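What follows is a set of notes on a single structure, which appears directly below.
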Amino acid sequence: MKKIMVIYNPSSGKQAFDEKVKNITSILLDNGYILGKFITQKKNDARDRVIQCCHEDWDAIIACGGDGTLNEVANGIMLGGRKIPVAILGTGTVNDFAKSLNIPKTPRDFCNMIMNELTMDIDLGRANDKYFVNVSAFGLLSSVAHETKKEYKAILGRLAYFIEGIKILPKELMNPIHTEVISEELNLNENIQLFILSNGNSIGGFKNFMPEARFDDGYLDCLIIRDTTLESMITILKAFSTAQHTSCQNIEYFKTKKIRISSNSSAVVDIDGEYGGALPVEYEVVEKGLKIFVSKYPY
């Protein structure tokens, strides 16, 4: 793996990251690698460049950005039809996926991971015609990630999400979404507060949000919070801090390979922290859809 394309989203993270990217590219160049660099300027730039890479002779891709950038890279690989290995260099506000996999943070360790060529085939999710790496959701607070202004995220980091969440929480609690859920594991037709479908166990910076999730088990983990009282919701939110939430009343938690979600309202769907359209959505797991570099296997 000697020819690597660096996909870089300059709007993710802080200025100090430029130096980190320079150090990484310098180490790789010193070790005989041939590098290309592509700086994204607008939505879908990363996806479109990766599609091109699939038809060229690149051996690997470094995805520099947040969860949204990684999402575009994964979509580019699926649409391009060649499973090029991806190294994840997280620079965004939360970087759930990179943190879950314990991706090295120092330039030297990150480069060693690439040079060791240890890779892992992980599952992806498909939401209608879009693919996601970590999570898709709608309902309570699910719009926070894609509605928080980028300049606020760059300055305040994860705190920006909390501020936005506090602003919209009271309104969303008063407006549950009537939802029809159809899957092998659960059929449901009622008001719910939140629907989350995830491939990893970390969401919104919180570890063990999906305690049984595995990246390569051939399933997506589903969590649904049924319509409930404010008092019960506070109990549920407290339980999240100790990873006891899946046993709470009014919560459904299960694994699935395929699930259809519809509603009589036009609920907005979030996909990997970005706007993903509105319901209805048909979800399906894509087993071993993405090959990523790891320093060691996570379990």
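Quick note on naming: the chains in the structure tokens go A, B, ... in the order shown, residues restart at 1 in each chain, and ligands are numbered from 1 in order of appearance.
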**Asked** Which residues, written as a list in words, have at least one atom at most 7 Å from Ala137 of chain A, with only C-alpha atoms counted and residues fewer than 3 positions away on the same chain left out?
**Response**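 Answer for this query is Ser142, Phe195, Ile196, Leu197, Val269, Asp270 and Ile271 of chain A.
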Save the residues we just selected, N, CA, C and O atoms, as a CSV table (one decimal), in the first residue's frame?
```csv
chain,number,residue,atom,x,y,z
A,142,SER,N,-32.2,14.4,17.9
A,142,SER,CA,-31.4,13.8,16.8
A,142,SER,C,-31.0,14.8,15.8
A,142,SER,O,-30.0,14.5,15.0
A,195,PHE,N,-35.8,7.4,17.9
A,195,PHE,CA,-35.4,6.2,17.2
A,195,PHE,C,-33.9,6.3,16.8
A,195,PHE,O,-33.5,7.3,16.2
A,196,ILE,N,-33.1,5.3,17.1
A,196,ILE,CA,-31.7,5.3,16.8
A,196,ILE,C,-31.3,3.9,16.2
A,196,ILE,O,-31.6,2.9,16.9
A,197,LEU,N,-30.6,4.0,15.1
A,197,LEU,CA,-30.0,2.7,14.5
A,197,LEU,C,-28.5,2.9,14.4
A,197,LEU,O,-28.1,3.9,13.8
A,269,VAL,N,-34.6,12.9,9.3
A,269,VAL,CA,-33.6,11.8,9.7
A,269,VAL,C,-32.2,12.4,9.7
A,269,VAL,O,-31.8,13.1,8.8
A,270,ASP,N,-31.5,12.0,10.7
A,270,ASP,CA,-30.0,12.3,10.8
A,270,ASP,C,-29.2,11.1,10.4
A,270,ASP,O,-29.5,10.0,10.8
A,271,ILE,N,-28.2,11.3,9.5
A,271,ILE,CA,-27.3,10.2,9.1
A,271,ILE,C,-25.9,10.6,9.4
A,271,ILE,O,-25.4,11.6,8.8
```
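Proximity to segment 224-228 of chain A at 6 Å, evaluated using only C-alpha atoms and with sequence-adjacent residues fewer than 4 positions away removed, yields Asn191, Ile192, Gln193, Leu194, Phe195, Asn250, Ile251 and Glu252 of chain A.
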**Item:** Selection near Val6 of chain A, 6 Å with only C-alpha atoms, sequence-local residues under 6 positions removed, as a list in words
**Value:**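 Result of the neighbour search: Gly36, Lys37, Ile61 and Ile62 of chain A.
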**Asked** Residues at most 12 Å from Lys22 of chain A, counting only C-alpha atoms, excluding those fewer than 6 positions away in the same chain, as a list in words?
**Response**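 Near Lys22 of chain A, the qualifying residues are Val6, Tyr8, Gln15, Ala16, Leu28, Leu29, Leu35, Lys37, Cys64, Pro107, Arg108 and Cys111 of chain A.
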With all heavy atoms retained, write the just-selected residues as an mmCIF file, in the first residue's frame.
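Here's the written file part_32.cif:
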```cif
data_model
loop_
_atom_site.group_PDB
_atom_site.id
_atom_site.type_symbol
_atom_site.label_atom_id
_atom_site.label_comp_id
_atom_site.auth_asym_id
_atom_site.auth_seq_id
_atom_site.Cartn_x
_atom_site.Cartn_y
_atom_site.Cartn_z
ATOM 1 N N VAL A 6 -5.094 11.584 0.410
ATOM 2 C CA VAL A 6 -5.517 12.244 1.642
ATOM 3 C C VAL A 6 -6.731 13.121 1.324
ATOM 4 O O VAL A 6 -6.622 14.076 0.553
ATOM 5 C CB VAL A 6 -4.381 13.097 2.247
ATOM 6 C CG1 VAL A 6 -4.857 13.788 3.530
ATOM 7 C CG2 VAL A 6 -3.151 12.249 2.515
ATOM 8 N N TYR A 8 -9.183 15.770 2.820
ATOM 9 C CA TYR A 8 -9.095 16.670 3.974
ATOM 10 C C TYR A 8 -10.244 17.679 3.971
ATOM 11 O O TYR A 8 -10.425 18.437 3.017
ATOM 12 C CB TYR A 8 -7.745 17.389 3.943
ATOM 13 C CG TYR A 8 -7.502 18.354 5.080
ATOM 14 C CD1 TYR A 8 -7.964 18.082 6.364
ATOM 15 C CD2 TYR A 8 -6.781 19.521 4.866
ATOM 16 C CE1 TYR A 8 -7.713 18.962 7.397
ATOM 17 C CE2 TYR A 8 -6.520 20.411 5.905
ATOM 18 C CZ TYR A 8 -6.993 20.114 7.169
ATOM 19 O OH TYR A 8 -6.758 20.989 8.199
ATOM 20 N N GLN A 15 -7.282 24.805 13.895
ATOM 21 C CA GLN A 15 -6.117 25.116 13.065
ATOM 22 C C GLN A 15 -4.921 24.230 13.397
ATOM 23 O O GLN A 15 -4.116 23.922 12.524
ATOM 24 C CB GLN A 15 -5.733 26.592 13.245
ATOM 25 C CG GLN A 15 -6.741 27.556 12.628
ATOM 26 C CD GLN A 15 -6.304 29.003 12.783
ATOM 27 O OE1 GLN A 15 -5.408 29.304 13.571
ATOM 28 N NE2 GLN A 15 -6.934 29.887 12.047
ATOM 29 N N ALA A 16 -4.810 23.815 14.646
ATOM 30 C CA ALA A 16 -3.680 22.976 15.045
ATOM 31 C C ALA A 16 -3.636 21.680 14.259
ATOM 32 O O ALA A 16 -2.575 21.049 14.152
ATOM 33 C CB ALA A 16 -3.764 22.674 16.541
ATOM 34 N N LEU A 28 5.066 9.750 6.171
ATOM 35 C CA LEU A 28 4.745 8.795 5.110
ATOM 36 C C LEU A 28 5.636 8.994 3.889
ATOM 37 O O LEU A 28 6.114 8.025 3.286
ATOM 38 C CB LEU A 28 3.266 8.901 4.725
ATOM 39 C CG LEU A 28 2.269 8.421 5.789
ATOM 40 C CD1 LEU A 28 0.835 8.725 5.361
ATOM 41 C CD2 LEU A 28 2.426 6.928 6.068
ATOM 42 N N LEU A 29 5.879 10.250 3.525
ATOM 43 C CA LEU A 29 6.773 10.536 2.397
ATOM 44 C C LEU A 29 8.185 10.027 2.667
ATOM 45 O O LEU A 29 8.834 9.464 1.782
ATOM 46 C CB LEU A 29 6.793 12.036 2.099
ATOM 47 C CG LEU A 29 5.530 12.613 1.460
ATOM 48 C CD1 LEU A 29 5.576 14.140 1.477
ATOM 49 C CD2 LEU A 29 5.371 12.100 0.027
ATOM 50 N N LEU A 35 1.860 10.334 -2.124
ATOM 51 C CA LEU A 35 0.644 10.921 -1.571
ATOM 52 C C LEU A 35 -0.025 11.874 -2.543
ATOM 53 O O LEU A 35 0.636 12.598 -3.279
ATOM 54 C CB LEU A 35 0.945 11.669 -0.260
ATOM 55 C CG LEU A 35 1.605 10.886 0.872
ATOM 56 C CD1 LEU A 35 1.785 11.800 2.078
ATOM 57 C CD2 LEU A 35 0.772 9.674 1.257
ATOM 58 N N LYS A 37 -3.344 14.820 -2.308
ATOM 59 C CA LYS A 37 -4.142 15.530 -1.309
ATOM 60 C C LYS A 37 -5.319 16.217 -1.985
ATOM 61 O O LYS A 37 -5.153 16.919 -2.984
ATOM 62 C CB LYS A 37 -3.291 16.555 -0.558
ATOM 63 C CG LYS A 37 -4.021 17.216 0.612
ATOM 64 C CD LYS A 37 -3.072 18.136 1.388
ATOM 65 C CE LYS A 37 -3.781 18.771 2.571
ATOM 66 N NZ LYS A 37 -2.880 19.678 3.337
ATOM 67 N N CYS A 64 -9.647 12.715 6.545
ATOM 68 C CA CYS A 64 -9.367 13.719 7.573
ATOM 69 C C CYS A 64 -10.602 14.591 7.762
ATOM 70 O O CYS A 64 -10.900 15.446 6.923
ATOM 71 C CB CYS A 64 -8.190 14.601 7.172
ATOM 72 S SG CYS A 64 -6.698 13.709 6.742
ATOM 73 N N PRO A 107 0.852 11.597 15.367
ATOM 74 C CA PRO A 107 1.234 11.356 13.970
ATOM 75 C C PRO A 107 2.059 10.087 13.777
ATOM 76 O O PRO A 107 1.820 9.320 12.845
ATOM 77 C CB PRO A 107 2.031 12.607 13.600
ATOM 78 C CG PRO A 107 1.460 13.678 14.459
ATOM 79 C CD PRO A 107 1.148 12.993 15.769
ATOM 80 N N ARG A 108 3.035 9.857 14.660
ATOM 81 C CA ARG A 108 3.898 8.681 14.514
ATOM 82 C C ARG A 108 3.097 7.399 14.666
ATOM 83 O O ARG A 108 3.225 6.468 13.859
ATOM 84 C CB ARG A 108 5.024 8.730 15.557
ATOM 85 C CG ARG A 108 5.893 7.471 15.604
ATOM 86 C CD ARG A 108 6.529 7.105 14.287
ATOM 87 N NE ARG A 108 7.481 8.097 13.844
ATOM 88 C CZ ARG A 108 8.162 8.019 12.708
ATOM 89 N NH1 ARG A 108 7.956 6.984 11.883
ATOM 90 N NH2 ARG A 108 9.017 8.966 12.370
ATOM 91 N N CYS A 111 0.792 6.834 11.640
ATOM 92 C CA CYS A 111 1.538 6.340 10.474
ATOM 93 C C CYS A 111 1.959 4.885 10.649
ATOM 94 O O CYS A 111 1.938 4.103 9.692
ATOM 95 C CB CYS A 111 2.754 7.219 10.219
ATOM 96 S SG CYS A 111 2.330 8.876 9.632
#
```
Per residue of segment 197-266 of chain A within 7 Å of segment 275-284 of chain A, what are the shortest atom pair and its distance in Å to one decimal, counting only C-alpha atoms, with rows by chain and residue number, as a tab-separated table?
```
residue	atom	partner	partner_atom	distance
A:Lys257	CA	A:Glu284	CA	5.6
A:Lys258	CA	A:Glu284	CA	4.4
A:Ile259	CA	A:Tyr283	CA	5.2
A:Arg260	CA	A:Glu282	CA	4.4
A:Ile261	CA	A:Val281	CA	5.3
A:Ser262	CA	A:Pro280	CA	4.2
A:Ser263	CA	A:Leu279	CA	6.5
A:Ser266	CA	A:Ala278	CA	5.7
```
Any chance you could export the current selection's N, CA, C and O atoms as a tab-separated table (two decimals), in the first residue's frame?
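Output saved as out.tsv:
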```
chain	number	residue	atom	x	y	z
A	257	LYS	N	-31.23	-6.84	11.08
A	257	LYS	CA	-30.55	-6.74	9.79
A	257	LYS	C	-31.32	-5.83	8.83
A	257	LYS	O	-30.72	-5.25	7.92
A	258	LYS	N	-32.63	-5.72	9.06
A	258	LYS	CA	-33.45	-4.94	8.14
A	258	LYS	C	-34.65	-4.40	8.90
A	258	LYS	O	-35.27	-5.14	9.68
A	259	ILE	N	-34.99	-3.13	8.65
A	259	ILE	CA	-36.11	-2.52	9.36
A	259	ILE	C	-36.68	-1.37	8.52
A	259	ILE	O	-35.92	-0.65	7.86
A	260	ARG	N	-38.01	-1.25	8.53
A	260	ARG	CA	-38.66	-0.16	7.80
A	260	ARG	C	-39.35	0.76	8.79
A	260	ARG	O	-40.06	0.31	9.70
A	261	ILE	N	-39.15	2.07	8.61
A	261	ILE	CA	-39.72	3.09	9.48
A	261	ILE	C	-40.55	4.05	8.65
A	261	ILE	O	-40.07	4.58	7.64
A	262	SER	N	-41.78	4.30	9.08
A	262	SER	CA	-42.62	5.28	8.39
A	262	SER	C	-43.41	6.07	9.43
A	262	SER	O	-43.49	5.69	10.60
A	263	SER	N	-44.00	7.18	8.99
A	263	SER	CA	-44.73	8.04	9.91
A	263	SER	C	-45.72	8.89	9.13
A	263	SER	O	-45.54	9.12	7.92
A	266	SER	N	-43.59	14.33	8.71
A	266	SER	CA	-42.36	14.38	7.89
A	266	SER	C	-41.15	14.54	8.80
A	266	SER	O	-40.43	15.54	8.75
```
**Message:** I'd like the contact shell of His245 of chain A - 10 Å cut-off, only C-alpha atoms, skipping same-chain residues fewer than 4 positions apart - returned as a ChimeraX atom specification.
**Reply:** /A:208-211,223,235-241,249-253
**Item:** Which of segment 38-149 of chain A DSSP labels alpha helix (DSSP H), written as a PyMOL selection string
**Value:** chain A and resi 45-54+67-80+96-100+107-116+144-147
Please save C-alpha atoms of the selected residues as a compact mmCIF listing (two decimals), in the first residue's frame.
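File produced: again04.txt:
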```
# COMPACT_ATOMS: atom_id res chain seq x y z
CA ASP A 45 -16.78 16.66 -2.62
CA ALA A 46 -15.21 13.84 -0.59
CA ARG A 47 -17.71 11.30 -1.92
CA ASP A 48 -17.12 12.28 -5.55
CA ARG A 49 -13.32 12.26 -5.21
CA VAL A 50 -13.38 8.82 -3.62
CA ILE A 51 -15.52 7.49 -6.49
CA GLN A 52 -12.74 8.67 -8.82
CA CYS A 53 -10.11 7.03 -6.60
CA CYS A 54 -11.93 3.71 -6.97
CA ASP A 67 -18.13 11.75 11.10
CA GLY A 68 -19.70 13.52 8.11
CA THR A 69 -16.47 13.35 6.11
CA LEU A 70 -16.07 9.66 6.90
CA ASN A 71 -19.67 9.13 5.81
CA GLU A 72 -18.93 10.69 2.40
CA VAL A 73 -15.81 8.55 2.00
CA ALA A 74 -17.81 5.40 2.78
CA ASN A 75 -20.53 6.39 0.31
CA GLY A 76 -17.86 7.04 -2.34
CA ILE A 77 -16.38 3.59 -1.83
CA MET A 78 -19.77 1.89 -2.07
CA LEU A 79 -20.69 3.84 -5.21
CA GLY A 80 -17.21 3.43 -6.71
CA ASP A 96 -17.67 8.84 17.58
CA PHE A 97 -16.42 6.21 15.17
CA ALA A 98 -12.70 6.95 15.42
CA LYS A 99 -12.89 7.03 19.22
CA SER A 100 -14.78 3.73 19.37
CA PRO A 107 1.23 11.36 13.97
CA ARG A 108 3.90 8.68 14.51
CA ASP A 109 1.45 6.09 15.90
CA PHE A 110 -1.08 6.90 13.17
CA CYS A 111 1.54 6.34 10.47
CA ASN A 112 2.71 3.12 12.12
CA MET A 113 -0.88 1.89 11.94
CA ILE A 114 -0.92 2.47 8.18
CA MET A 115 2.53 0.99 7.63
CA ASN A 116 1.62 -2.14 9.62
CA VAL A 144 -28.75 18.66 17.07
CA ALA A 145 -25.64 17.49 15.18
CA HIS A 146 -26.66 18.78 11.75
CA GLU A 147 -28.48 21.92 12.98
```
